[in-house]
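Shown next: start.txt, containing compact mmCIF, C-alpha atoms.
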```txt
# COMPACT_ATOMS: atom_id res chain seq x y z
CA MET A 1 2.34 -26.81 17.85
CA THR A 2 5.28 -24.90 16.36
CA LEU A 3 5.15 -22.57 13.40
CA GLU A 4 6.90 -25.19 11.28
CA ASN A 5 3.87 -27.46 11.74
CA LEU A 6 1.44 -24.71 10.76
CA GLN A 7 2.68 -23.75 7.29
CA PRO A 8 -0.78 -23.97 5.62
CA ILE A 9 -2.26 -21.77 8.35
CA LEU A 10 0.60 -19.28 8.03
CA TYR A 11 0.08 -19.09 4.28
CA VAL A 12 -3.63 -18.46 4.72
CA SER A 13 -2.81 -15.83 7.35
CA ARG A 14 -0.71 -13.91 4.83
CA ILE A 15 -3.55 -14.01 2.32
CA ILE A 16 -5.99 -12.68 4.93
CA ILE A 17 -3.57 -9.89 5.86
CA LEU A 18 -3.12 -8.85 2.24
CA ILE A 19 -6.88 -8.81 1.68
CA ILE A 20 -7.35 -6.55 4.71
CA ALA A 21 -4.40 -4.30 3.81
CA ILE A 22 -5.45 -3.81 0.18
CA SER A 23 -9.13 -3.30 1.04
CA PHE A 24 -8.41 -0.60 3.61
CA HIS A 25 -5.82 0.98 1.32
CA GLU A 26 -8.29 1.38 -1.55
CA PHE A 27 -11.16 2.34 0.76
CA ALA A 28 -8.99 5.15 2.15
CA HIS A 29 -8.51 6.53 -1.36
CA ALA A 30 -12.26 6.43 -1.94
CA PHE A 31 -13.03 7.99 1.45
CA ALA A 32 -10.56 10.85 0.93
CA ALA A 33 -11.93 11.64 -2.54
CA ASP A 34 -15.50 11.54 -1.22
CA TRP A 35 -14.52 13.79 1.70
CA LEU A 36 -13.04 16.27 -0.77
CA GLY A 37 -16.31 16.43 -2.70
CA ASP A 38 -15.90 13.92 -5.52
CA PRO A 39 -18.92 11.57 -5.82
CA THR A 40 -17.18 9.21 -8.25
CA PRO A 41 -15.97 6.56 -5.75
CA ARG A 42 -19.38 6.51 -4.02
CA SER A 43 -21.17 6.12 -7.36
CA GLU A 44 -18.88 3.19 -8.19
CA ASP A 45 -19.58 1.57 -4.80
CA ARG A 46 -15.97 1.90 -3.63
CA LEU A 47 -16.82 3.59 -0.34
CA THR A 48 -16.68 0.26 1.49
CA ILE A 49 -14.13 -2.11 3.00
CA ASP A 50 -15.74 -5.06 1.20
CA PRO A 51 -12.75 -6.85 -0.41
CA ARG A 52 -14.87 -7.84 -3.40
CA LYS A 53 -14.99 -4.19 -4.43
CA HIS A 54 -11.25 -3.62 -4.14
CA LEU A 55 -9.37 -6.77 -5.11
CA ASP A 56 -8.07 -7.10 -8.64
CA THR A 57 -8.03 -10.71 -9.82
CA PHE A 58 -4.72 -10.60 -11.68
CA GLY A 59 -3.13 -8.33 -9.08
CA SER A 60 -4.12 -10.76 -6.32
CA ILE A 61 -2.67 -13.71 -8.25
CA MET A 62 0.59 -11.79 -8.66
CA PHE A 63 0.71 -11.26 -4.90
CA LEU A 64 0.49 -15.01 -4.38
CA ILE A 65 3.03 -16.11 -6.97
CA ALA A 66 5.43 -13.17 -7.17
CA GLY A 67 5.15 -11.40 -3.82
CA PHE A 68 3.84 -8.15 -5.29
CA GLY A 69 0.55 -7.09 -6.83
CA TRP A 70 -2.18 -4.49 -6.74
CA GLY A 71 -5.84 -3.77 -6.05
CA LYS A 72 -8.42 -2.13 -8.25
CA PRO A 73 -7.55 1.55 -8.65
CA VAL A 74 -10.06 4.03 -7.24
CA TYR A 75 -11.05 6.44 -9.99
CA THR A 76 -11.70 10.03 -8.98
CA ASN A 77 -12.34 13.33 -10.73
CA PRO A 78 -10.08 16.02 -9.24
CA ARG A 79 -12.26 18.70 -10.81
CA ASN A 80 -14.88 17.88 -8.18
CA TYR A 81 -12.55 18.55 -5.24
CA HIS A 82 -13.48 21.61 -3.20
CA ILE A 83 -9.80 22.48 -2.78
CA ASP A 84 -6.94 23.00 -5.23
CA TYR A 85 -7.02 19.91 -7.45
CA ARG A 86 -3.27 19.23 -7.17
CA THR A 87 -3.44 19.34 -3.39
CA GLY A 88 -6.49 17.10 -3.55
CA ILE A 89 -4.66 14.58 -5.72
CA ALA A 90 -1.81 14.45 -3.19
CA ILE A 91 -4.21 13.99 -0.26
CA VAL A 92 -6.16 11.21 -1.96
CA ALA A 93 -2.94 9.46 -2.98
CA ALA A 94 -1.43 9.74 0.52
CA SER A 95 -4.57 8.38 2.20
CA GLY A 96 -3.89 4.80 1.01
CA PRO A 97 -0.39 4.47 2.52
CA LEU A 98 -1.62 6.31 5.61
CA ALA A 99 -4.35 3.69 6.08
CA ASN A 100 -1.73 0.93 6.00
CA PHE A 101 0.38 2.75 8.58
CA ILE A 102 -2.65 3.15 10.87
CA LEU A 103 -3.39 -0.58 10.56
CA ALA A 104 0.24 -1.39 11.39
CA TYR A 105 0.22 1.01 14.35
CA ILE A 106 -2.97 -0.46 15.82
CA ALA A 107 -1.58 -3.98 15.41
CA SER A 108 1.68 -2.90 17.07
CA ILE A 109 -0.20 -1.70 20.16
CA ILE A 110 -1.90 -5.08 20.46
CA TYR A 111 1.40 -6.85 19.77
CA GLN A 112 3.28 -4.97 22.47
CA PHE A 113 0.72 -4.67 25.24
CA ALA A 114 -1.68 -7.59 24.88
CA SER A 115 -0.98 -10.87 26.62
CA ILE A 116 -0.34 -13.23 23.67
CA ASN A 117 -0.15 -16.86 24.69
CA TYR A 118 -0.21 -18.43 21.23
CA GLU A 119 2.70 -18.34 18.81
CA ILE A 120 0.39 -18.25 15.78
CA VAL A 121 -1.31 -15.08 17.10
CA ALA A 122 2.04 -13.37 17.65
CA TYR A 123 3.09 -14.41 14.16
CA PHE A 124 -0.13 -13.05 12.64
CA LEU A 125 0.26 -9.69 14.37
CA SER A 126 3.94 -9.33 13.48
CA MET A 127 3.25 -10.27 9.85
CA PHE A 128 0.27 -7.89 9.82
CA ILE A 129 2.56 -5.05 10.89
CA LYS A 130 5.33 -5.95 8.43
CA LEU A 131 3.12 -6.41 5.36
CA ASN A 132 1.22 -3.18 5.97
CA LEU A 133 4.48 -1.27 6.37
CA LEU A 134 5.87 -2.81 3.20
CA LEU A 135 2.71 -1.94 1.27
CA MET A 136 2.87 1.60 2.61
CA LEU A 137 6.54 2.16 1.75
CA PHE A 138 6.29 0.53 -1.68
CA ASN A 139 3.36 2.75 -2.62
CA LEU A 140 5.26 5.85 -1.50
CA LEU A 141 7.89 5.35 -4.19
CA PRO A 142 7.62 8.33 -6.59
CA ILE A 143 7.09 6.12 -9.65
CA ALA A 144 3.87 6.01 -11.65
CA PRO A 145 1.35 4.49 -11.12
CA LEU A 146 2.21 4.28 -7.40
CA ASP A 147 0.72 6.69 -4.88
CA GLY A 148 4.09 8.30 -4.29
CA TYR A 149 4.10 9.58 -7.85
CA GLN A 150 0.75 11.34 -7.38
CA ILE A 151 1.91 12.78 -4.07
CA THR A 152 5.11 14.07 -5.67
CA ILE A 153 3.26 15.67 -8.58
CA GLY A 154 0.72 17.17 -6.21
CA ILE A 155 3.11 18.87 -3.79
CA LEU A 156 5.91 20.01 -6.11
CA PRO A 157 5.77 23.42 -7.82
CA HIS A 158 4.31 23.40 -11.35
CA THR A 159 7.68 24.18 -12.88
CA ILE A 160 9.14 20.98 -11.41
CA ALA A 161 6.06 18.76 -11.50
CA ARG A 162 5.35 19.34 -15.19
CA PRO A 163 8.64 17.87 -16.51
CA ILE A 164 8.31 14.89 -14.13
CA ALA A 165 4.76 14.26 -15.34
CA GLN A 166 6.09 13.72 -18.85
CA PHE A 167 7.64 10.45 -17.67
CA GLN A 168 4.39 9.05 -16.26
CA ASN A 169 4.00 6.45 -19.03
CA GLN A 170 7.50 5.14 -18.34
CA GLY A 171 6.67 4.42 -14.69
CA PRO A 172 5.44 0.82 -15.16
CA ILE A 173 8.50 0.07 -17.32
CA ILE A 174 10.78 1.38 -14.57
CA LEU A 175 9.06 -0.85 -12.00
CA ILE A 176 9.41 -3.89 -14.27
CA LEU A 177 13.10 -3.15 -14.81
CA ILE A 178 13.70 -2.87 -11.06
CA ILE A 179 11.94 -6.18 -10.49
CA ALA A 180 13.84 -7.80 -13.37
CA ALA A 181 17.14 -6.54 -11.98
CA GLY A 182 16.39 -8.35 -8.76
CA SER A 183 15.64 -11.61 -10.57
CA ILE A 184 18.42 -11.53 -13.17
CA PHE A 185 21.28 -9.76 -11.45
CA GLN A 186 20.35 -10.55 -7.84
CA LEU A 187 20.23 -6.81 -7.25
CA ASN A 188 17.43 -6.08 -4.80
CA LEU A 189 16.90 -2.39 -5.48
CA PHE A 190 13.64 -2.35 -3.56
CA GLY A 191 15.46 -3.76 -0.55
CA ILE A 192 18.20 -1.15 -0.86
CA ILE A 193 15.69 1.71 -1.13
CA LEU A 194 12.99 0.53 1.26
CA GLY A 195 15.13 -1.44 3.70
CA PRO A 196 16.35 1.43 5.94
CA PRO A 197 12.95 3.15 6.47
CA TYR A 198 11.29 -0.26 6.87
CA GLN A 199 13.74 -1.33 9.55
CA LEU A 200 13.38 2.00 11.32
CA LEU A 201 9.59 1.65 11.44
CA ILE A 202 9.83 -1.97 12.58
CA ASN A 203 12.11 -0.93 15.44
CA LEU A 204 9.73 1.86 16.43
CA LEU A 205 6.56 -0.23 16.31
CA MET A 206 7.71 -3.64 17.50
CA ASN A 207 10.53 -2.96 19.99
```

Written as structure tokens, how would this file's structure read?
Amino acid sequence: MTLENLQPILYVSRIIILIIAISFHEFAHAFAADWLGDPTPRSEDRLTIDPRKHLDTFGSIMFLIAGFGWGKPVYTNPRNYHIDYRTGIAIVAASGPLANFILAYIASIIYQFASINYEIVAYFLSMFIKLNLLLMLFNLLPIAPLDGYQITIGILPHTIARPIAQFQNQGPIILILIIAAGSIFQLNLFGIILGPPYQLLINLLMN
């Protein structure tokens, strides 16, 4: 059977991939915070890969109908970190995108070296790699409330980070405007920004 005859299966495959990607992404945040000494994620039962603990209902629906969405945020208390709290914030934030890259890398090894005799399996692995890379790169954008914003604030000097932090509340508005620009003006800013690094990673992992 060709991929064209398997559209329902392909759609379900994408849902499964997103569930795995989001669950590991949020678990990584919880694991990093717990490793740094904060008991908050453990007390809220987030130190698990169980999707039921990490999926946000509305965020999941948005993934299905709009192509973007979110999971439940992992709440942590940086005051509990046993290292500098700003460094800790950056580490915890970076752990989510890193988890998605690790998933993509493992899938790429299977994709390149395993003997795949079924087209649907090859499709699943390639889509698994692509969606995890997209989730990683999107979250690395330095716009609140994305992980990239926390990483930026955590690693920049106080004198630079403080003025940037004042625009935290405008982050969601900026994201909405970028998305709206794509819909109204056919200006895919995310594609322009994320396209080059995404293509580079795809070439490295899949070729």

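Restricting the calculation to all atoms listed in the file, the smallest distance between Ile164 (chain A) and any of A:Gln150, A:Thr87, A:Gln186, A:Ser43 is found for A:Gln150.
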
Can you write out as JSON lines which residues of region 26-109 of chain A fall within 12 Å of region 133-146 of chain A, alongside each residue's closest atom pair and its distance in Å to one decimal, counting all atoms listed in the file and ordering rows by chain and ascending residue number?
```
{"residue": "A:Glu26", "atom": "CA", "partner": "A:Asn139", "partner_atom": "CA", "distance": 11.8}
{"residue": "A:Phe63", "atom": "CA", "partner": "A:Leu135", "partner_atom": "CA", "distance": 11.4}
{"residue": "A:Gly67", "atom": "CA", "partner": "A:Leu135", "partner_atom": "CA", "distance": 11.0}
{"residue": "A:Phe68", "atom": "CA", "partner": "A:Leu135", "partner_atom": "CA", "distance": 9.1}
{"residue": "A:Gly69", "atom": "CA", "partner": "A:Leu135", "partner_atom": "CA", "distance": 9.8}
{"residue": "A:Trp70", "atom": "CA", "partner": "A:Leu135", "partner_atom": "CA", "distance": 9.7}
{"residue": "A:Gly71", "atom": "CA", "partner": "A:Leu135", "partner_atom": "CA", "distance": 11.4}
{"residue": "A:Pro73", "atom": "CA", "partner": "A:Pro145", "partner_atom": "CA", "distance": 9.7}
{"residue": "A:Ala90", "atom": "CA", "partner": "A:Leu140", "partner_atom": "CA", "distance": 11.3}
{"residue": "A:Ala93", "atom": "CA", "partner": "A:Leu146", "partner_atom": "CA", "distance": 8.5}
{"residue": "A:Ala94", "atom": "CA", "partner": "A:Leu140", "partner_atom": "CA", "distance": 8.0}
{"residue": "A:Ser95", "atom": "CA", "partner": "A:Met136", "partner_atom": "CA", "distance": 10.1}
{"residue": "A:Gly96", "atom": "CA", "partner": "A:Met136", "partner_atom": "CA", "distance": 7.6}
{"residue": "A:Pro97", "atom": "CA", "partner": "A:Met136", "partner_atom": "CA", "distance": 4.3}
{"residue": "A:Leu98", "atom": "CA", "partner": "A:Met136", "partner_atom": "CA", "distance": 7.2}
{"residue": "A:Ala99", "atom": "CA", "partner": "A:Met136", "partner_atom": "CA", "distance": 8.3}
{"residue": "A:Asn100", "atom": "CA", "partner": "A:Met136", "partner_atom": "CA", "distance": 5.8}
{"residue": "A:Phe101", "atom": "CA", "partner": "A:Leu133", "partner_atom": "CA", "distance": 6.2}
{"residue": "A:Ile102", "atom": "CA", "partner": "A:Leu133", "partner_atom": "CA", "distance": 9.5}
{"residue": "A:Leu103", "atom": "CA", "partner": "A:Leu133", "partner_atom": "CA", "distance": 8.9}
{"residue": "A:Ala104", "atom": "CA", "partner": "A:Leu133", "partner_atom": "CA", "distance": 6.6}
{"residue": "A:Tyr105", "atom": "CA", "partner": "A:Leu133", "partner_atom": "CA", "distance": 9.3}
{"residue": "A:Ala107", "atom": "CA", "partner": "A:Leu133", "partner_atom": "CA", "distance": 11.2}
{"residue": "A:Ser108", "atom": "CA", "partner": "A:Leu133", "partner_atom": "CA", "distance": 11.2}
```

Across A:Val74, A:Ala122, A:Val12, A:Met62, the smallest distance to His29 (chain A), with only C-alpha atoms counted, is shown by A:Val74

Please identify all polymer residues within 12 Å of Arg79 (chain A), counting all atoms listed in the file, omitting same-chain residues fewer than 2 positions from it, and present them as a compact mmCIF listing (two decimals) with C-alpha atoms, in the frame of the given file.
```txt
# COMPACT_ATOMS: atom_id res chain seq x y z
CA ALA A 33 -11.93 11.64 -2.54
CA LEU A 36 -13.04 16.27 -0.77
CA GLY A 37 -16.31 16.43 -2.70
CA ASP A 38 -15.90 13.92 -5.52
CA PRO A 39 -18.92 11.57 -5.82
CA THR A 40 -17.18 9.21 -8.25
CA THR A 76 -11.70 10.03 -8.98
CA ASN A 77 -12.34 13.33 -10.73
CA TYR A 81 -12.55 18.55 -5.24
CA HIS A 82 -13.48 21.61 -3.20
CA ILE A 83 -9.80 22.48 -2.78
CA ASP A 84 -6.94 23.00 -5.23
CA TYR A 85 -7.02 19.91 -7.45
CA ARG A 86 -3.27 19.23 -7.17
CA THR A 87 -3.44 19.34 -3.39
CA GLY A 88 -6.49 17.10 -3.55
CA ILE A 89 -4.66 14.58 -5.72
```

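For the choices A:Arg52, A:Tyr111, A:Tyr149, A:Val92, the atom-to-atom distance to Gly171 (chain A) is smallest for A:Tyr149 when using only C-alpha atoms.
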
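Going from CA of Phe27 (chain A) over to CA of Leu189 (chain A), you cover 29.1 Å.
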